[in-house]
$ cat work34.txt   # compact mmCIF, C-alpha atoms
# COMPACT_ATOMS: atom_id res chain seq x y z
CA ILE A 1 -22.39 -8.89 150.62
CA PHE A 2 -22.96 -9.67 154.29
CA PRO A 3 -20.06 -12.09 154.99
CA ALA A 4 -17.60 -9.48 153.71
CA LEU A 5 -19.10 -6.72 155.84
CA PHE A 6 -19.58 -8.90 158.95
CA LEU A 7 -15.90 -9.86 158.79
CA GLY A 8 -14.77 -6.22 158.50
CA HIS A 9 -13.69 -6.38 154.86
CA SER A 10 -14.28 -3.78 152.17
CA LEU A 11 -16.81 -4.81 149.58
CA TYR A 12 -16.21 -4.02 145.91
CA ILE A 13 -19.00 -4.62 143.44
CA MET A 14 -17.64 -4.80 139.93
CA PRO A 15 -19.50 -2.48 137.51
CA GLU A 16 -21.22 -4.29 134.63
CA ILE A 17 -19.12 -2.47 132.02
CA ILE A 18 -15.93 -3.91 133.53
CA LYS A 19 -17.34 -7.47 133.57
CA ARG A 20 -17.40 -7.43 129.76
CA ASP A 21 -13.67 -6.81 129.34
CA SER A 22 -11.27 -9.43 130.71
CA GLN A 23 -8.36 -6.98 130.88
CA LYS A 24 -10.41 -4.39 132.79
CA ILE A 25 -11.40 -7.13 135.24
CA ILE A 26 -7.73 -7.73 136.00
CA ASP A 27 -7.13 -3.99 136.38
CA PHE A 28 -10.08 -3.82 138.82
CA TYR A 29 -8.62 -6.60 140.98
CA ILE A 30 -5.16 -5.05 141.01
CA GLU A 31 -6.22 -1.39 141.50
CA ASN A 32 -8.48 -2.32 144.41
CA ASN A 33 -6.02 -4.88 145.83
CA ILE A 34 -8.78 -7.47 146.00
CA ASP A 35 -7.49 -10.47 147.91
CA ILE A 36 -10.76 -12.37 148.53
CA SER A 37 -13.22 -13.01 145.72
CA GLU A 38 -16.14 -15.17 144.61
CA SER A 39 -16.55 -16.48 141.09
CA THR A 40 -18.25 -19.02 138.89
CA PRO A 41 -16.02 -21.29 136.79
CA THR A 42 -17.27 -19.53 133.64
CA PHE A 43 -16.26 -16.11 135.00
CA LEU A 44 -12.97 -17.61 136.17
CA GLN A 45 -12.24 -18.55 132.53
CA PHE A 46 -12.78 -14.90 131.62
CA ILE A 47 -10.38 -13.82 134.39
CA LEU A 48 -7.77 -16.28 133.09
CA LYS A 49 -8.13 -14.81 129.61
CA GLY A 50 -7.37 -11.35 131.02
CA LEU A 51 -4.38 -12.65 132.99
CA LYS A 52 -2.92 -14.20 129.83
CA LEU A 53 -3.43 -11.02 127.81
CA LYS A 54 -1.95 -8.77 130.50
CA ASN A 55 0.74 -11.30 131.46
CA THR A 56 0.37 -10.51 135.14
CA PHE A 57 -0.58 -12.03 138.49
CA LEU A 58 -3.63 -11.50 140.71
CA PRO A 59 -3.26 -10.32 144.32
CA LEU A 60 -5.74 -12.96 145.51
CA LYS A 61 -5.31 -14.85 148.75
CA TYR A 62 -8.65 -16.64 148.73
CA LEU A 63 -11.15 -17.53 146.01
CA LEU A 64 -14.58 -19.16 146.42
CA VAL A 65 -15.80 -20.85 143.24
CA GLY A 66 -19.27 -22.30 142.77
CA GLY A 67 -22.41 -22.42 140.70
CA GLU A 68 -21.08 -24.88 138.12
CA VAL A 69 -18.68 -27.80 137.84
CA LEU A 70 -15.14 -26.55 138.42
CA PRO A 71 -12.75 -28.07 135.84
CA LYS A 72 -9.45 -29.30 137.26
CA ASP A 73 -7.52 -27.75 134.35
CA THR A 74 -8.97 -24.33 135.19
CA VAL A 75 -7.73 -24.65 138.77
CA LYS A 76 -4.26 -25.75 137.63
CA GLU A 77 -4.03 -22.78 135.29
CA LEU A 78 -5.21 -20.32 137.94
CA PHE A 79 -2.55 -21.47 140.41
CA SER A 80 0.08 -20.40 137.86
CA TYR A 81 -1.26 -16.82 137.88
CA ILE A 82 -1.23 -16.28 141.62
CA ASN A 83 1.93 -14.89 143.12
CA SER A 84 1.36 -16.04 146.71
CA THR A 85 2.16 -19.14 148.70
CA ASN A 86 -0.85 -18.37 150.93
CA PHE A 87 -3.41 -18.65 148.11
CA SER A 88 -6.41 -20.96 148.61
CA ILE A 89 -9.29 -21.93 146.36
CA ALA A 90 -12.52 -23.36 147.73
CA ASN A 91 -15.00 -25.25 145.58
CA VAL A 92 -18.48 -24.68 147.02
CA TYR A 93 -21.64 -26.53 146.08
CA GLY A 94 -25.29 -26.11 146.86
CA PRO A 95 -28.61 -25.48 145.18
CA THR A 96 -30.74 -22.43 145.89
CA GLU A 97 -33.19 -24.64 147.80
CA CYS A 98 -30.45 -25.19 150.38
CA CYS A 99 -29.20 -21.63 150.97
CA VAL A 100 -26.75 -21.91 148.04
CA VAL A 101 -23.64 -23.23 149.86
CA SER A 102 -24.12 -26.71 151.33
CA SER A 103 -20.63 -28.13 150.92
CA PHE A 104 -17.08 -26.88 150.79
CA TYR A 105 -13.78 -28.27 149.52
CA GLU A 106 -10.48 -26.43 149.92
CA ILE A 107 -8.27 -27.18 146.92
CA LYS A 108 -4.58 -27.60 147.59
CA GLN A 109 -2.24 -27.23 144.65
CA SER A 110 -0.12 -30.10 145.91
CA GLU A 111 -3.11 -32.49 145.84
CA LEU A 112 -4.56 -31.62 142.42
CA ASN A 113 -3.14 -34.66 140.65
CA LYS A 114 -4.77 -37.17 142.97
CA TYR A 115 -8.28 -36.34 141.69
CA HIS A 116 -9.93 -36.95 138.35
CA SER A 117 -12.32 -34.08 139.13
CA ILE A 118 -12.56 -31.48 141.88
CA PRO A 119 -14.67 -32.81 144.81
CA ILE A 120 -17.64 -30.87 146.17
CA GLY A 121 -16.28 -31.49 149.64
CA LYS A 122 -17.84 -31.95 153.02
CA PRO A 123 -21.07 -30.45 154.34
CA MET A 124 -21.10 -27.00 155.90
CA PRO A 125 -21.84 -26.83 159.64
CA ASN A 126 -25.47 -27.74 160.39
CA GLU A 127 -25.83 -29.41 156.97
CA TYR A 128 -25.85 -33.10 156.04
CA ILE A 129 -25.18 -34.64 152.65
CA TYR A 130 -26.29 -38.14 151.76
CA ILE A 131 -25.75 -40.29 148.69
CA ILE A 132 -28.81 -42.52 148.62
CA ASP A 133 -29.89 -45.41 146.39
CA LYS A 134 -33.36 -45.83 144.85
CA ASP A 135 -34.55 -47.61 148.02
CA LYS A 136 -33.49 -44.62 150.18
CA ASN A 137 -30.49 -46.43 151.66
CA PRO A 138 -27.06 -44.79 151.97
CA THR A 139 -24.63 -46.03 149.32
CA PRO A 140 -21.10 -47.16 150.12
CA ILE A 141 -18.20 -44.96 148.99
CA GLY A 142 -17.71 -45.21 145.24
CA ILE A 143 -21.23 -46.50 144.51
CA PRO A 144 -23.47 -44.14 142.52
CA GLY A 145 -26.62 -42.76 144.08
CA GLU A 146 -28.60 -39.57 144.29
CA LEU A 147 -27.43 -36.56 146.30
CA TYR A 148 -29.72 -35.38 149.11
CA ILE A 149 -29.08 -32.40 151.38
CA SER A 150 -30.50 -32.01 154.88
CA GLY A 151 -30.06 -29.61 157.77
CA GLU A 152 -30.66 -26.06 158.90
CA GLY A 153 -30.23 -24.45 155.47
CA VAL A 154 -32.73 -26.58 153.58
CA GLY A 155 -35.86 -24.79 152.45
CA ARG A 156 -39.29 -26.10 153.32
CA ASN A 157 -41.21 -25.90 150.05
CA TYR A 158 -41.83 -24.28 146.71
CA ILE A 159 -44.47 -21.57 146.89
CA ASN A 160 -47.75 -22.75 145.38
CA GLN A 161 -46.13 -25.88 143.88
CA HIS A 162 -47.39 -28.61 146.16
CA SER A 163 -46.62 -31.61 143.93
CA LEU A 164 -43.04 -30.43 143.27
CA THR A 165 -42.59 -29.78 147.00
CA ALA A 166 -43.79 -33.32 147.81
CA GLU A 167 -41.33 -34.75 145.25
CA LYS A 168 -38.27 -32.74 146.30
CA PHE A 169 -38.60 -31.94 150.03
CA LEU A 170 -38.79 -35.20 151.97
CA PRO A 171 -38.59 -36.19 155.64
CA ASP A 172 -34.99 -36.96 156.59
CA PRO A 173 -34.99 -40.64 157.68
CA PHE A 174 -31.57 -40.20 159.34
CA ASN A 175 -32.40 -37.09 161.39
CA LYS A 176 -36.09 -36.56 162.25
CA ALA A 177 -35.52 -32.88 163.08
CA TYR A 178 -34.97 -32.02 159.40
CA ARG A 179 -36.35 -32.38 155.93
CA MET A 180 -34.02 -33.26 153.09
CA TYR A 181 -33.85 -31.93 149.57
CA LYS A 182 -33.63 -34.34 146.65
CA THR A 183 -31.18 -32.59 144.31
CA GLY A 184 -31.82 -34.68 141.22

$ encode --input "work34.txt" --output "structure tokens"
Amino acid sequence: IFPALFLGHSLYIMPEIIKRDSQKIIDFYIENNIDISESTPTFLQFILKGLKLKNTFLPLKYLLVGGEVLPKDTVKELFSYINSTNFSIANVYGPTECCVVSSFYEIKQSELNKYHSIPIGKPMPNEYIYIIDKDKNPTPIGIPGELYISGEGVGRNYINQHSLTAEKFLPDPFNKAYRMYKTG
């Protein structure tokens, strides 16, 4: 709500009844000339279904997608239903414990084939992302580890859940000013 309003955009909240009909969703986007939108990959599949049924294009210029893993095939298909050379898709990642968006990756159609899966990207400003091994050491690129998030957006605790807080919210050994969240 607030980013749209702070940036001087109009905010359209889709009525629940429209969200249940993929063709009405497309009509809503077109009638309101919506050019910036947020979606989950699951809802994006529903939008694609409506685009196929209506055999039309969306007026989108920018789409933020998050909340779940974003399949590469979904992105490829969406690019074919956008009639704009200025269209951008951003994959955003972040748990609720870290103010929802901790990382950002802008997907370029020309670069889709170089990835097996869509990356979660780089940290947002004032956020840090670490891949750490079981001994709490950073892992080299390509080596598996656990994802930790640190920085301004990281919460401090779970209310009345002291043992879970102690397990998940840890001191950041790389930046003493912050705590880090163990994502699991």

$ residues_around --input "work34.txt" --residues "Lys136 in chain A" --least-positions-apart "4" --cutoff "10 Å" --atoms "all atoms listed in the file" --output "compact mmCIF listing (two decimals) with C-alpha atoms, in the coordinates of the input"
# COMPACT_ATOMS: atom_id res chain seq x y z
CA TYR A 130 -26.29 -38.14 151.76
CA ILE A 131 -25.75 -40.29 148.69
CA ILE A 132 -28.81 -42.52 148.62
CA GLY A 145 -26.62 -42.76 144.08
CA GLU A 146 -28.60 -39.57 144.29
CA PRO A 173 -34.99 -40.64 157.68

$ residues_near_point --input "work34.txt" --point "(-29.3, -38.4, 161.7)" --cutoff "12 Å" --atoms "only C-alpha atoms" --output "list in words"
Asn126, Glu127, Tyr128, Ile129, Tyr130, Pro138, Ile149, Ser150, Gly151, Pro171, Asp172, Pro173, Phe174, Asn175, Lys176, Ala177, Tyr178, Arg179 and Met180 of chain A

$ write_last_selection --input "work34.txt" --atoms "C-alpha atoms" --output "CSV table (one decimal), in the frame of the given file"
chain,number,residue,atom,x,y,z
A,126,ASN,CA,-25.5,-27.7,160.4
A,127,GLU,CA,-25.8,-29.4,157.0
A,128,TYR,CA,-25.8,-33.1,156.0
A,129,ILE,CA,-25.2,-34.6,152.6
A,130,TYR,CA,-26.3,-38.1,151.8
A,138,PRO,CA,-27.1,-44.8,152.0
A,149,ILE,CA,-29.1,-32.4,151.4
A,150,SER,CA,-30.5,-32.0,154.9
A,151,GLY,CA,-30.1,-29.6,157.8
A,171,PRO,CA,-38.6,-36.2,155.6
A,172,ASP,CA,-35.0,-37.0,156.6
A,173,PRO,CA,-35.0,-40.6,157.7
A,174,PHE,CA,-31.6,-40.2,159.3
A,175,ASN,CA,-32.4,-37.1,161.4
A,176,LYS,CA,-36.1,-36.6,162.2
A,177,ALA,CA,-35.5,-32.9,163.1
A,178,TYR,CA,-35.0,-32.0,159.4
A,179,ARG,CA,-36.4,-32.4,155.9
A,180,MET,CA,-34.0,-33.3,153.1

$ residues_around --input "work34.txt" --residues "Ser110 in chain A" --least-positions-apart "4" --cutoff "12 Å" --atoms "only C-alpha atoms" --output "compact mmCIF listing (two decimals) with C-alpha atoms, in the frame of the given file"
# COMPACT_ATOMS: atom_id res chain seq x y z
CA VAL A 75 -7.73 -24.65 138.77
CA LYS A 76 -4.26 -25.75 137.63
CA PHE A 79 -2.55 -21.47 140.41
CA THR A 85 2.16 -19.14 148.70
CA SER A 88 -6.41 -20.96 148.61
CA GLU A 106 -10.48 -26.43 149.92
CA LYS A 114 -4.77 -37.17 142.97
CA TYR A 115 -8.28 -36.34 141.69

$ residues_around --input "work34.txt" --residues "Lys182 in chain A" --least-positions-apart "2" --cutoff "7 Å" --atoms "only C-alpha atoms" --output "ChimeraX atom specification"
/A:147-149,168-169,180,184

$ residues_near_point --input "work34.txt" --point "(-12.4, -15.0, 140.8)" --cutoff "10 Å" --atoms "all atoms listed in the file" --output "list in words"
Ile25, Ile26, Tyr29, Ile34, Asp35, Ile36, Ser37, Glu38, Ser39, Thr40, Pro41, Thr42, Phe43, Leu44, Gln45, Phe46, Ile47, Leu48, Leu58, Leu60, Tyr62, Leu63, Leu64, Val65, Leu78 and Ile89 of chain A

$ closest_residue --input "work34.txt" --among "A:Asp27, A:Glu77, A:Asp133, A:Glu152" --to "Ser102 in chain A" --atoms "all atoms listed in the file"
A:Glu152

$ closest_residue --input "work34.txt" --among "A:Phe2, A:Tyr93, A:Phe57, A:Phe87" --to "Leu70 in chain A" --atoms "only C-alpha atoms"
A:Tyr93

$ closest_residue --input "work34.txt" --among "A:Gly94, A:Pro15, A:Pro59, A:Pro3" --to "Tyr81 in chain A" --atoms "only C-alpha atoms"
A:Pro59

$ closest_residue --input "work34.txt" --among "A:Asp135, A:Ser84, A:Met14, A:Asn157" --to "Asn32 in chain A" --atoms "all atoms listed in the file"
A:Met14

$ atom_distance --input "work34.txt" --atom1 "CA of Asn33 in chain A" --atom2 "CA of Ile120 in chain A"
28.5 Å

$ atom_distance --input "work34.txt" --atom1 "CA of Lys61 in chain A" --atom2 "CA of Ile107 in chain A"
12.8 Å

$ axis_aligned_box --input "work34.txt" --around "range 36-52 of chain A" --padding-each-side "5 Å" --output "JSON"
{"center_x": -10.6, "center_y": -16.3, "center_z": 139.1, "size_x": 25.3, "size_y": 19.9, "size_z": 28.9}

$ atom_distance --input "work34.txt" --atom1 "CA of Lys72 in chain A" --atom2 "CA of Gly50 in chain A"
19.1 Å

$ closest_residue --input "work34.txt" --among "A:Ala166, A:Lys54, A:Cys99, A:Thr139" --to "Asp21 in chain A" --atoms "all atoms listed in the file"
A:Lys54
